[in-house]
>>> print(open('upload32.tsv').read())   # TSV, C-alpha atoms
chain	number	residue	atom	x	y	z
A	843	MET	CA	-63.81	121.24	52.51
A	844	ALA	CA	-67.26	122.10	53.76
A	845	GLU	CA	-68.21	122.01	57.39
A	846	SER	CA	-70.74	119.30	57.97
A	847	SER	CA	-74.19	120.59	58.76
A	848	PRO	CA	-75.72	119.79	62.14
A	849	ASP	CA	-78.41	117.79	60.32
A	850	VAL	CA	-75.89	115.45	58.77
A	851	ARG	CA	-74.08	115.09	62.08
A	852	ASP	CA	-77.31	114.13	63.77
A	853	ALA	CA	-78.16	111.70	61.02
A	854	ILE	CA	-74.74	110.07	61.28
A	855	ALA	CA	-75.00	109.94	65.06
A	856	ALA	CA	-78.30	108.09	64.71
A	857	LEU	CA	-76.58	105.61	62.40
A	858	LEU	CA	-73.76	104.80	64.82
A	859	PRO	CA	-75.26	101.57	66.19
A	860	ARG	CA	-75.73	100.25	62.66
A	861	LEU	CA	-72.30	101.38	61.55
A	862	ARG	CA	-70.84	99.49	64.49
A	863	ARG	CA	-72.86	96.42	63.55
A	864	PHE	CA	-71.68	96.58	59.95
A	865	GLY	CA	-68.13	97.05	61.20
A	866	ARG	CA	-68.40	93.77	63.09
A	867	THR	CA	-69.12	91.93	59.88
A	868	LEU	CA	-66.00	93.39	58.26
A	869	ALA	CA	-63.51	93.28	61.11
A	870	ARG	CA	-63.09	90.19	63.18
A	871	HIS	CA	-62.10	92.10	66.28
A	872	PRO	CA	-64.71	94.38	67.91
A	873	GLU	CA	-62.13	97.07	68.65
A	874	ASP	CA	-61.01	97.04	65.03
A	875	ALA	CA	-64.65	97.39	64.02
A	876	ASP	CA	-65.03	100.51	66.15
A	877	ASP	CA	-61.77	101.90	64.77
A	878	LEU	CA	-63.21	101.43	61.33
A	879	VAL	CA	-66.37	103.30	62.31
A	880	GLN	CA	-64.24	106.10	63.74
A	881	ILE	CA	-62.16	106.42	60.59
A	882	ALA	CA	-65.25	106.37	58.39
A	883	VAL	CA	-67.15	108.92	60.47
A	884	GLU	CA	-64.16	111.27	60.45
A	885	LYS	CA	-63.90	110.92	56.69
A	886	ALA	CA	-67.63	111.40	56.25
A	887	LEU	CA	-67.59	114.56	58.37
A	888	THR	CA	-64.78	116.12	56.37
A	889	HIS	CA	-66.31	115.16	53.04
A	890	THR	CA	-70.03	115.66	53.57
A	891	GLU	CA	-70.17	117.52	50.27
A	892	GLN	CA	-69.54	114.17	48.58
A	893	TRP	CA	-72.76	112.75	49.89
A	894	ARG	CA	-75.64	113.43	47.51
A	895	PRO	CA	-78.84	114.26	49.35
A	896	GLY	CA	-81.56	111.92	48.18
A	897	THR	CA	-79.20	108.96	48.26
A	898	ARG	CA	-78.90	106.76	51.30
A	899	LEU	CA	-76.58	108.14	53.95
A	900	ASP	CA	-76.03	104.69	55.43
A	901	SER	CA	-74.91	103.27	52.09
A	902	TRP	CA	-72.51	106.16	51.61
A	903	ILE	CA	-70.82	105.55	54.96
A	904	PHE	CA	-70.85	101.77	54.43
A	905	ARG	CA	-68.89	102.44	51.26
A	906	ILE	CA	-66.39	104.59	53.14
A	907	MET	CA	-66.01	101.85	55.75
A	908	GLN	CA	-65.51	99.19	53.12
A	909	ASN	CA	-62.84	101.27	51.36
A	910	ALA	CA	-61.11	102.04	54.63
A	911	TRP	CA	-61.17	98.36	55.44
A	912	ILE	CA	-59.50	97.46	52.14
A	913	ASP	CA	-56.90	100.19	52.68
A	914	GLU	CA	-56.08	98.92	56.11
A	915	THR	CA	-56.15	95.22	55.49
A	916	ARG	CA	-52.42	94.97	55.15
A	917	THR	CA	-51.53	96.82	58.29
A	918	ARG	CA	-54.16	94.97	60.19
A	919	GLU	CA	-53.02	91.56	59.06
A	920	ARG	CA	-49.47	92.38	60.01
A	921	ARG	CA	-50.36	93.68	63.41
A	922	ASN	CA	-52.77	90.89	64.14
A	923	GLN	CA	-50.43	88.04	63.45
A	924	THR	CA	-49.76	87.29	67.05
A	925	PHE	CA	-52.61	89.23	68.54
A	926	VAL	CA	-54.79	87.48	70.99
A	927	ASP	CA	-58.47	87.73	70.29
A	928	GLU	CA	-59.75	89.12	73.55
A	929	GLU	CA	-63.26	88.18	72.68
A	930	ALA	CA	-62.41	84.55	72.17
A	931	GLY	CA	-62.11	83.79	75.84
A	932	ALA	CA	-64.76	86.22	76.97
A	933	ASN	CA	-67.50	84.88	74.78
A	934	ILE	CA	-68.85	82.02	76.75
A	935	GLY	CA	-69.83	82.40	80.35
A	936	VAL	CA	-71.97	80.43	82.74
A	937	ASN	CA	-75.13	82.33	81.85
A	938	THR	CA	-74.74	82.04	78.12
A	939	THR	CA	-78.05	81.24	76.45
A	940	ASP	CA	-78.60	79.02	73.44
A	941	ALA	CA	-79.26	82.12	71.35
A	942	GLN	CA	-75.93	83.60	72.43
A	943	ILE	CA	-74.12	80.38	71.66
A	944	ASP	CA	-75.70	80.32	68.23
A	945	ALA	CA	-74.77	83.98	67.70
A	946	ILE	CA	-71.16	83.21	68.52
A	947	ALA	CA	-71.15	80.28	66.11
A	948	VAL	CA	-72.66	82.43	63.38
A	949	ARG	CA	-70.17	85.28	63.92
A	950	LYS	CA	-67.31	82.80	63.87
A	951	ALA	CA	-68.59	81.33	60.61
A	952	VAL	CA	-68.85	84.79	59.07
A	953	ALA	CA	-65.31	85.54	60.23
A	954	GLN	CA	-64.11	82.54	58.23
A	955	LEU	CA	-65.41	83.96	54.97
A	956	GLY	CA	-63.14	86.00	52.73
A	957	ASP	CA	-63.37	89.80	52.69
A	958	ASP	CA	-65.45	89.84	49.49
A	959	GLN	CA	-68.05	87.52	50.92
A	960	ARG	CA	-68.14	89.05	54.39
A	961	VAL	CA	-69.00	92.45	53.04
A	962	VAL	CA	-71.95	91.21	50.98
A	963	VAL	CA	-73.25	89.22	53.92
A	964	GLY	CA	-72.91	92.35	56.06
A	965	LEU	CA	-74.66	94.63	53.61
A	966	VAL	CA	-77.50	92.35	52.56
A	967	LEU	CA	-78.18	89.89	55.34
A	968	VAL	CA	-77.16	91.94	58.35
A	969	GLU	CA	-77.89	95.50	57.24
A	970	GLY	CA	-80.80	94.53	55.01
A	971	LEU	CA	-79.80	96.50	51.93
A	972	PRO	CA	-81.53	95.58	48.67
A	973	TYR	CA	-79.24	93.76	46.23
A	974	GLN	CA	-78.95	96.74	43.89
A	975	GLU	CA	-78.12	99.14	46.72
A	976	ALA	CA	-75.45	96.77	48.02
A	977	ALA	CA	-74.02	96.38	44.51
A	978	ASP	CA	-73.83	100.18	44.23
A	979	VAL	CA	-72.04	100.45	47.57
A	980	LEU	CA	-69.41	98.04	46.31
A	981	GLY	CA	-69.35	99.40	42.77
A	982	ILE	CA	-69.99	95.97	41.28
A	983	PRO	CA	-72.67	94.69	38.85
A	984	LEU	CA	-75.84	93.21	40.32
A	985	GLY	CA	-75.00	89.78	38.91
A	986	THR	CA	-71.63	89.79	40.65
A	987	LEU	CA	-73.24	90.72	43.93
A	988	THR	CA	-75.83	87.97	43.58
A	989	SER	CA	-73.34	85.24	42.81
A	990	ARG	CA	-71.03	86.42	45.60
A	991	LEU	CA	-73.89	86.37	48.05
A	992	ALA	CA	-75.00	82.92	46.91
A	993	ARG	CA	-71.47	81.57	47.36
A	994	ALA	CA	-71.20	83.17	50.78
A	995	ARG	CA	-74.49	81.63	51.82
A	996	ASP	CA	-73.42	78.21	50.59
A	997	ALA	CA	-70.21	78.53	52.57
A	998	LEU	CA	-72.10	79.60	55.69
A	999	GLN	CA	-74.50	76.73	55.29
A	1000	ALA	CA	-71.59	74.33	55.07
A	1001	LEU	CA	-70.04	75.82	58.20
A	1002	LEU	CA	-73.19	76.10	60.24
A	1003	GLY	CA	-75.69	73.58	58.97
A	1004	ASP	CA	-79.33	74.14	59.70
A	1005	ALA	CA	-80.00	74.94	63.32
A	1006	ASP	CA	-83.63	73.95	63.04
A	1007	LEU	CA	-83.36	71.45	60.25
A	1008	GLY	CA	-80.76	68.97	61.37
A	1009	ALA	CA	-82.21	66.24	59.17
A	1010	ASN	CA	-81.60	68.27	56.08
A	1011	ARG	CA	-77.86	68.43	56.59
B	167	MET	CA	-88.51	72.53	36.96
B	168	ASN	CA	-85.05	73.63	37.95
B	169	ILE	CA	-84.68	76.62	40.23
B	170	SER	CA	-81.09	77.73	40.68
B	171	ASN	CA	-79.63	78.54	44.07
B	172	GLU	CA	-79.31	82.16	43.09
B	173	THR	CA	-82.91	82.42	41.98
B	174	LEU	CA	-84.18	80.75	45.10
B	175	MET	CA	-82.02	83.03	47.23
B	176	ALA	CA	-83.32	86.11	45.44
B	177	PHE	CA	-86.83	84.81	45.99
B	178	ALA	CA	-86.18	84.31	49.69
B	179	ASP	CA	-84.76	87.83	49.91
B	180	GLY	CA	-87.74	89.36	48.11
B	181	GLU	CA	-85.60	90.40	45.15
B	182	LEU	CA	-87.39	88.69	42.26
B	183	ASP	CA	-89.58	90.46	39.74
B	184	PRO	CA	-93.26	89.39	39.74
B	185	VAL	CA	-92.90	87.03	36.78
B	186	LEU	CA	-90.00	85.06	38.19
B	187	ARG	CA	-91.58	85.14	41.61
B	188	ALA	CA	-94.75	83.49	40.33
B	189	HIS	CA	-92.57	80.93	38.61
B	190	VAL	CA	-90.80	80.03	41.85
B	191	GLU	CA	-94.04	79.99	43.79
B	192	ALA	CA	-95.48	77.49	41.36
B	193	ALA	CA	-92.40	75.32	41.63
B	194	LEU	CA	-92.53	75.42	45.43
B	195	ARG	CA	-96.08	74.06	45.48
B	196	ASP	CA	-95.12	70.58	44.42
B	197	ASP	CA	-91.46	70.35	45.33
B	198	ALA	CA	-90.89	69.57	49.00
B	199	ALA	CA	-87.10	69.55	48.62
B	200	LEU	CA	-87.16	73.00	47.06
B	201	HIS	CA	-89.36	74.19	49.86
B	202	GLN	CA	-86.90	72.86	52.37
B	203	ARG	CA	-84.06	74.72	50.65
B	204	LEU	CA	-86.13	77.87	50.90
B	205	VAL	CA	-86.72	77.38	54.60
B	206	ALA	CA	-82.99	76.81	55.11
B	207	LEU	CA	-82.26	80.15	53.45
B	208	GLN	CA	-84.85	81.91	55.57
B	209	VAL	CA	-83.52	80.34	58.75
B	210	GLN	CA	-80.00	81.28	57.79
B	211	ARG	CA	-80.91	84.90	57.22
B	212	LYS	CA	-82.66	85.05	60.58
B	213	ARG	CA	-79.63	83.58	62.34
B	214	LEU	CA	-77.34	86.06	60.65
B	215	THR	CA	-79.51	88.98	61.65
B	216	GLN	CA	-79.80	87.82	65.24
B	217	ALA	CA	-76.09	87.15	65.55
B	218	PHE	CA	-75.22	90.76	64.86
B	219	ASP	CA	-78.28	92.55	66.23
B	220	THR	CA	-76.89	92.47	69.75
B	221	VAL	CA	-74.42	95.15	68.65
B	222	LEU	CA	-77.35	97.55	68.32
B	223	ASP	CA	-78.09	97.22	72.01
B	224	GLU	CA	-74.54	97.92	73.10
B	225	PRO	CA	-73.82	101.44	74.30
B	226	VAL	CA	-71.96	103.41	71.64
B	227	PRO	CA	-68.43	104.09	72.90
B	228	ASP	CA	-67.77	107.71	73.84
B	229	ARG	CA	-64.96	108.06	71.37
B	230	LEU	CA	-67.49	107.54	68.58
B	231	SER	CA	-70.39	109.61	69.86
B	232	ARG	CA	-67.96	112.41	70.72
B	233	LEU	CA	-67.14	112.77	67.04
B	234	LEU	CA	-70.68	113.82	66.32
B	235	LYS	CA	-71.39	116.31	69.06
B	236	THR	CA	-72.36	119.51	67.29
B	237	PRO	CA	-69.27	121.69	67.42
B	238	PRO	CA	-69.36	125.38	68.36
B	239	VAL	CA	-69.97	127.55	65.31
B	240	ALA	CA	-66.42	128.79	65.07
B	241	THR	CA	-64.82	125.37	65.18
B	242	PRO	CA	-62.87	124.65	62.02
B	243	PRO	CA	-63.54	121.36	60.28
B	244	LEU	CA	-61.52	118.38	61.29
B	245	PRO	CA	-58.21	118.47	59.47
B	246	ALA	CA	-57.84	115.80	56.86
B	247	ALA	CA	-54.83	114.62	58.76
B	248	ALA	CA	-57.14	113.47	61.51
B	249	VAL	CA	-57.98	110.53	59.30
B	250	VAL	CA	-55.10	108.21	59.13
B	251	SER	CA	-55.17	104.55	59.67
B	252	LEU	CA	-56.40	101.79	61.87
B	253	ALA	CA	-53.05	101.77	63.53
B	254	GLU	CA	-53.41	105.41	64.40
B	255	ALA	CA	-56.96	105.06	65.54
B	256	ARG	CA	-56.02	102.12	67.62
B	257	THR	CA	-53.38	104.06	69.41
B	258	ARG	CA	-55.72	106.98	69.95
B	259	ARG	CA	-58.01	104.50	71.55
B	260	ALA	CA	-55.27	103.65	73.97
B	261	GLY	CA	-56.16	106.89	75.63
B	262	LEU	CA	-53.11	108.94	74.78
B	263	GLY	CA	-54.74	111.14	72.19
B	264	GLY	CA	-53.81	114.32	73.98
B	265	MET	CA	-50.20	113.32	74.30
B	266	PRO	CA	-49.14	112.70	70.78
B	267	SER	CA	-45.55	111.72	71.14
B	268	TRP	CA	-43.13	110.06	73.39
B	269	ALA	CA	-40.94	113.11	73.07
B	270	GLN	CA	-43.55	115.30	74.68
B	271	TRP	CA	-44.22	113.29	77.71
B	272	GLY	CA	-41.44	110.78	77.73
B	273	GLY	CA	-39.59	112.68	80.37
B	274	MET	CA	-42.50	112.40	82.68
B	275	ALA	CA	-42.98	108.72	82.02
B	276	VAL	CA	-39.33	107.95	82.49
B	277	SER	CA	-39.10	109.78	85.76
B	278	VAL	CA	-42.24	108.08	87.03
B	279	VAL	CA	-41.04	104.71	85.90
B	280	LEU	CA	-37.56	105.14	87.24
B	281	GLY	CA	-39.02	106.40	90.48
B	282	ILE	CA	-41.22	103.39	90.79
B	283	LEU	CA	-38.81	100.78	89.67
B	284	LEU	CA	-35.40	101.90	90.66
B	285	GLY	CA	-36.08	104.00	93.68
B	286	THR	CA	-33.38	103.26	96.14
B	287	HIS	CA	-31.97	100.54	93.95
B	288	LEU	CA	-29.88	102.98	91.93
B	289	GLY	CA	-26.30	101.97	92.53
B	290	ASP	CA	-27.54	98.96	94.38
B	291	GLN	CA	-29.17	96.90	91.67
B	292	LYS	CA	-30.76	93.87	93.15
B	293	PRO	CA	-31.30	90.93	90.85
B	294	GLU	CA	-35.05	90.92	91.41
B	295	SER	CA	-35.49	94.57	90.40
B	296	ASP	CA	-37.75	94.96	87.38
B	297	MET	CA	-35.34	97.38	85.74
B	298	GLY	CA	-31.64	97.82	85.66
B	299	LEU	CA	-29.18	100.25	84.12
B	300	ARG	CA	-26.27	99.76	81.81
B	301	PRO	CA	-24.39	102.80	80.53
B	302	GLY	CA	-26.80	104.50	78.16
B	303	GLN	CA	-29.41	101.79	78.47
B	304	LEU	CA	-32.31	100.82	80.61
B	305	LEU	CA	-32.58	97.06	80.95
B	306	ALA	CA	-35.49	94.86	81.78
B	307	GLY	CA	-34.92	92.82	84.89
B	308	GLY	CA	-36.82	90.62	87.30
B	309	ALA	CA	-40.27	89.49	86.26
B	310	ILE	CA	-40.24	91.53	83.05
B	311	ALA	CA	-36.98	90.03	81.82
B	312	LYS	CA	-38.19	86.58	82.77
B	313	ALA	CA	-41.45	87.06	80.88
B	314	LEU	CA	-39.61	88.40	77.84
B	315	THR	CA	-37.33	85.40	77.79
B	316	THR	CA	-39.84	82.68	78.54
B	317	GLN	CA	-43.43	83.72	77.80
B	318	LEU	CA	-45.06	83.23	74.41
B	319	ALA	CA	-47.30	85.93	73.04
B	320	SER	CA	-49.28	83.19	71.39
B	321	GLU	CA	-49.97	81.58	74.74
B	322	PRO	CA	-51.06	84.26	77.16
B	323	GLN	CA	-50.91	83.23	80.78
B	324	ALA	CA	-53.91	84.10	82.86
B	325	GLY	CA	-52.97	85.85	86.04
B	326	ALA	CA	-49.37	86.54	85.02
B	327	SER	CA	-48.03	89.86	86.28
B	328	VAL	CA	-46.36	90.56	82.94
B	329	ALA	CA	-47.94	90.04	79.53
B	330	VAL	CA	-46.07	89.73	76.24
B	331	GLN	CA	-48.05	90.73	73.16
B	332	LEU	CA	-45.88	90.81	70.11
B	333	SER	CA	-42.55	89.39	68.97
B	334	PHE	CA	-40.63	90.42	65.90
B	335	VAL	CA	-37.20	90.74	64.34
B	336	ASP	CA	-35.94	94.30	64.09
B	337	LYS	CA	-34.00	95.90	61.26
B	338	ARG	CA	-30.70	94.95	62.89
B	339	ASN	CA	-31.86	91.35	62.92
B	340	GLY	CA	-32.34	91.24	66.67
B	341	TYR	CA	-35.37	90.03	68.57
B	342	CYS	CA	-37.79	92.55	70.03
B	343	ARG	CA	-40.89	92.02	72.12
B	344	THR	CA	-43.57	94.18	73.66
B	345	PHE	CA	-44.63	93.74	77.25
B	346	SER	CA	-46.95	95.24	79.78
B	347	THR	CA	-47.52	95.13	83.49
B	348	SER	CA	-50.34	96.70	85.43
B	349	THR	CA	-48.50	100.03	85.49
B	350	LEU	CA	-46.37	100.23	82.36
B	351	ALA	CA	-45.97	98.96	78.85
B	352	GLY	CA	-42.94	98.91	76.63
B	353	LEU	CA	-40.82	97.50	73.89
B	354	ALA	CA	-37.59	95.68	74.63
B	355	CYS	CA	-34.98	94.37	72.21
B	356	LEU	CA	-32.31	91.83	72.97
B	357	HIS	CA	-28.83	93.34	73.03
B	358	ASP	CA	-25.83	91.42	74.31
B	359	GLY	CA	-28.00	88.96	76.12
B	360	GLN	CA	-30.10	91.58	77.90
B	361	TRP	CA	-33.53	92.98	77.11
B	362	ALA	CA	-32.86	96.65	76.52
B	363	ILE	CA	-35.87	98.93	76.85
B	364	GLN	CA	-36.46	100.82	73.62
B	365	GLN	CA	-39.67	102.48	74.60
B	366	MET	CA	-41.77	102.55	77.68
B	367	ALA	CA	-44.86	104.32	78.87
B	368	ALA	CA	-46.88	104.37	82.02
B	369	VAL	CA	-50.32	102.88	81.55
B	370	ASP	CA	-53.41	103.82	83.43
B	371	GLN	CA	-54.26	100.83	85.51
B	372	GLN	CA	-57.93	101.75	85.76
B	373	ALA	CA	-58.32	102.35	82.07
B	374	SER	CA	-56.65	99.14	81.10
B	375	GLY	CA	-58.16	96.96	83.80
B	376	GLY	CA	-54.96	95.18	84.66
B	377	VAL	CA	-52.43	93.39	82.51
B	378	ARG	CA	-53.56	93.38	78.92
B	379	GLN	CA	-52.84	90.52	76.59
B	380	ALA	CA	-53.71	92.18	73.30
B	381	ALA	CA	-51.25	94.38	71.46
B	382	THR	CA	-54.15	96.62	70.47
B	383	THR	CA	-54.12	97.98	73.98
B	384	LEU	CA	-50.50	99.08	73.93
B	385	PRO	CA	-49.85	102.82	74.21
B	386	ARG	CA	-49.26	104.72	71.03
B	387	SER	CA	-45.62	105.46	71.76
B	388	VAL	CA	-44.92	101.75	72.10
B	389	LEU	CA	-46.77	100.83	68.91
B	390	ASP	CA	-44.93	103.59	67.07
B	391	ALA	CA	-41.65	102.18	68.30
B	392	VAL	CA	-42.72	98.76	67.06
B	393	ASP	CA	-43.51	100.17	63.64
B	394	GLN	CA	-40.18	101.93	63.43
B	395	ARG	CA	-38.16	98.90	64.30
B	396	MET	CA	-40.05	96.02	62.78
B	397	ALA	CA	-38.15	94.68	59.79
B	398	ASP	CA	-40.87	92.61	58.22
B	399	SER	CA	-43.84	91.47	60.23
B	400	ALA	CA	-44.67	90.09	63.62
B	401	MET	CA	-43.58	86.52	64.23
B	402	ASP	CA	-46.28	83.91	64.08
B	403	ALA	CA	-46.78	81.45	66.91
B	404	ARG	CA	-44.46	78.84	65.41
B	405	ALA	CA	-41.58	81.17	64.73
B	406	GLU	CA	-41.95	82.67	68.16
B	407	ARG	CA	-41.84	79.32	69.89
B	408	LEU	CA	-38.81	78.27	67.88
B	409	ALA	CA	-36.97	81.46	68.78
B	410	ARG	CA	-37.87	81.12	72.43
B	411	ASP	CA	-36.75	77.50	72.53
B	412	ARG	CA	-33.42	78.54	71.03
B	413	GLY	CA	-32.99	81.10	73.77
B	414	TRP	CA	-33.56	83.97	71.32
B	415	ARG	CA	-30.31	83.20	69.51
B	416	HIS	CA	-30.31	83.07	65.75
>>> encode(input="upload32.tsv", output="structure tokens")
Amino acid sequence: MAESSPDVRDAIAALLPRLRRFGRTLARHPEDADDLVQIAVEKALTHTEQWRPGTRLDSWIFRIMQNAWIDETRTRERRNQTFVDEEAGANIGVNTTDAQIDAIAVRKAVAQLGDDQRVVVGLVLVEGLPYQEAADVLGIPLGTLTSRLARARDALQALLGDADLGANR
Amino acid sequence: MNISNETLMAFADGELDPVLRAHVEAALRDDAALHQRLVALQVQRKRLTQAFDTVLDEPVPDRLSRLLKTPPVATPPLPAAAVVSLAEARTRRAGLGGMPSWAQWGGMAVSVVLGILLGTHLGDQKPESDMGLRPGQLLAGGAIAKALTTQLASEPQAGASVAVQLSFVDKRNGYCRTFSTSTLAGLACLHDGQWAIQQMAAVDQQASGGVRQAATTLPRSVLDAVDQRMADSAMDARAERLARDRGWRH
């Protein structure tokens, strides 16, 4: 097990905000999302030799997060059965703007998607990865990624409608 | 000309090769409905991005940035065992990382708790005391016992002095529930009509910001005790209500 170089540590540190954002698309609870980031960063630091320089560091850690998420799904579901979503009540306050209300609606809609669809939405639409890069992260063919993304977007459209295009609904 | 959803989506996302792209562009010129579908996709992507971008502006929690502070040269790599599970991470988050087991600091917690709760009540157990003793057992009393008997984890009560987070059936087929107050958190199981404390830990009032409703905030020792005893899984809201309404009798 190689010690991670300071360069890699710095690079991962710079990625933290994005890792947290990606975590939010996977986990429905913000604290779970940060736990996922923590697990992935710890794994990445102990296995930096598995990252191939020249490939994207963000994609590599996204993959670790996704795998950790799959591994933990069972435990999480069990523990969360009667958990109260702390964010649910805290979301809307008196000063909430339209943009914030829309953001909440969008995050809720994403949370309703299945794991397979949430992760492609997170990688492509939220993190902005090219289709092929996202397919590589997930270890699936490009065609599978594309159809999964299309289905996810259809589902989101059905849940959310068009904010600016009400007549098109 | 028929442009599939997937093709249009790939076009919107800038993923088409030049030939297909020109094809879609041509189709868009005289197909208003197609154009509208394209705009919908673009709007959707923008909404998605905006909905999650706020996370980027949040301060990164210390527990994450701490992981990446450059260690002193001699520091050995993190042991593989440091990576465990969400459950583990969650309990580390509860702020007890340096005190890994109940065994190590349980004595302290118990003495603090007993000091707080029993005080002069030892040998003079008043009914309103939050804890009582039975030979070999610490029992929940007062507000804690009342909350354990009546409150539903699925319906947290704002402003209540005791919160109940999780209900489950243990391996001996008895009911168990976790609870917390502003100063302590624990697991109690019903034995002979009384809520017997199985595990308890002092919680840092400042760190937790009062009575917490989510089980994710329970101390590690309590979550571990839950894991050890839980027979199957936590009860859902319906099962919990049913059990409560039956007075926690099978």
>>> atom_distance(input="upload32.tsv", atom1="atom CA of Arg870 of chain A", atom2="atom CA of Pro972 of chain A")
24.1 Å
>>> atom_distance(input="upload32.tsv", atom1="atom CA of Leu955 of chain A", atom2="atom CA of Leu332 of chain B")
25.6 Å
>>> closest_residue(input="upload32.tsv", among="B:Asp296, B:Asp228, B:Asp390, B:Glu406", to="Tyr341 of chain B", atoms="all atoms listed in the file")
B:Glu406
>>> residues_around(input="upload32.tsv", residues="Leu965 of chain A", least_positions_apart="6", cutoff="12 Å", atoms="all atoms listed in the file", output="PyMOL selection string")
(chain A and resi 860-861+863-868+900-905+907-908+958-959+971-980+987+991) or (chain B and resi 214-215+218)
>>> write_last_selection(input="upload32.tsv", atoms="C-alpha atoms", output="mmCIF file, in the coordinates of the input")
data_model
loop_
_atom_site.group_PDB
_atom_site.id
_atom_site.type_symbol
_atom_site.label_atom_id
_atom_site.label_comp_id
_atom_site.auth_asym_id
_atom_site.auth_seq_id
_atom_site.Cartn_x
_atom_site.Cartn_y
_atom_site.Cartn_z
ATOM 1 C CA ARG A 860 -75.730 100.250 62.660
ATOM 2 C CA LEU A 861 -72.300 101.380 61.550
ATOM 3 C CA ARG A 863 -72.860 96.420 63.550
ATOM 4 C CA PHE A 864 -71.680 96.580 59.950
ATOM 5 C CA GLY A 865 -68.130 97.050 61.200
ATOM 6 C CA ARG A 866 -68.400 93.770 63.090
ATOM 7 C CA THR A 867 -69.120 91.930 59.880
ATOM 8 C CA LEU A 868 -66.000 93.390 58.260
ATOM 9 C CA ASP A 900 -76.030 104.690 55.430
ATOM 10 C CA SER A 901 -74.910 103.270 52.090
ATOM 11 C CA TRP A 902 -72.510 106.160 51.610
ATOM 12 C CA ILE A 903 -70.820 105.550 54.960
ATOM 13 C CA PHE A 904 -70.850 101.770 54.430
ATOM 14 C CA ARG A 905 -68.890 102.440 51.260
ATOM 15 C CA MET A 907 -66.010 101.850 55.750
ATOM 16 C CA GLN A 908 -65.510 99.190 53.120
ATOM 17 C CA ASP A 958 -65.450 89.840 49.490
ATOM 18 C CA GLN A 959 -68.050 87.520 50.920
ATOM 19 C CA LEU A 971 -79.800 96.500 51.930
ATOM 20 C CA PRO A 972 -81.530 95.580 48.670
ATOM 21 C CA TYR A 973 -79.240 93.760 46.230
ATOM 22 C CA GLN A 974 -78.950 96.740 43.890
ATOM 23 C CA GLU A 975 -78.120 99.140 46.720
ATOM 24 C CA ALA A 976 -75.450 96.770 48.020
ATOM 25 C CA ALA A 977 -74.020 96.380 44.510
ATOM 26 C CA ASP A 978 -73.830 100.180 44.230
ATOM 27 C CA VAL A 979 -72.040 100.450 47.570
ATOM 28 C CA LEU A 980 -69.410 98.040 46.310
ATOM 29 C CA LEU A 987 -73.240 90.720 43.930
ATOM 30 C CA LEU A 991 -73.890 86.370 48.050
ATOM 31 C CA LEU B 214 -77.340 86.060 60.650
ATOM 32 C CA THR B 215 -79.510 88.980 61.650
ATOM 33 C CA PHE B 218 -75.220 90.760 64.860
#
>>> atom_distance(input="upload32.tsv", atom1="atom CA of Thr220 of chain B", atom2="atom CA of Pro848 of chain A")
28.4 Å
>>> residues_around(input="upload32.tsv", residues="Asp358 of chain B", least_positions_apart="2", cutoff="12 Å", atoms="only C-alpha atoms", output="PyMOL selection string")
chain B and resi 300+303+305+340-341+355-356+360-362+414-415
>>> closest_residue(input="upload32.tsv", among="B:Leu350, B:Ala380, B:Ser295, B:Asp183", to="Gln323 of chain B", atoms="all atoms listed in the file")
B:Ala380
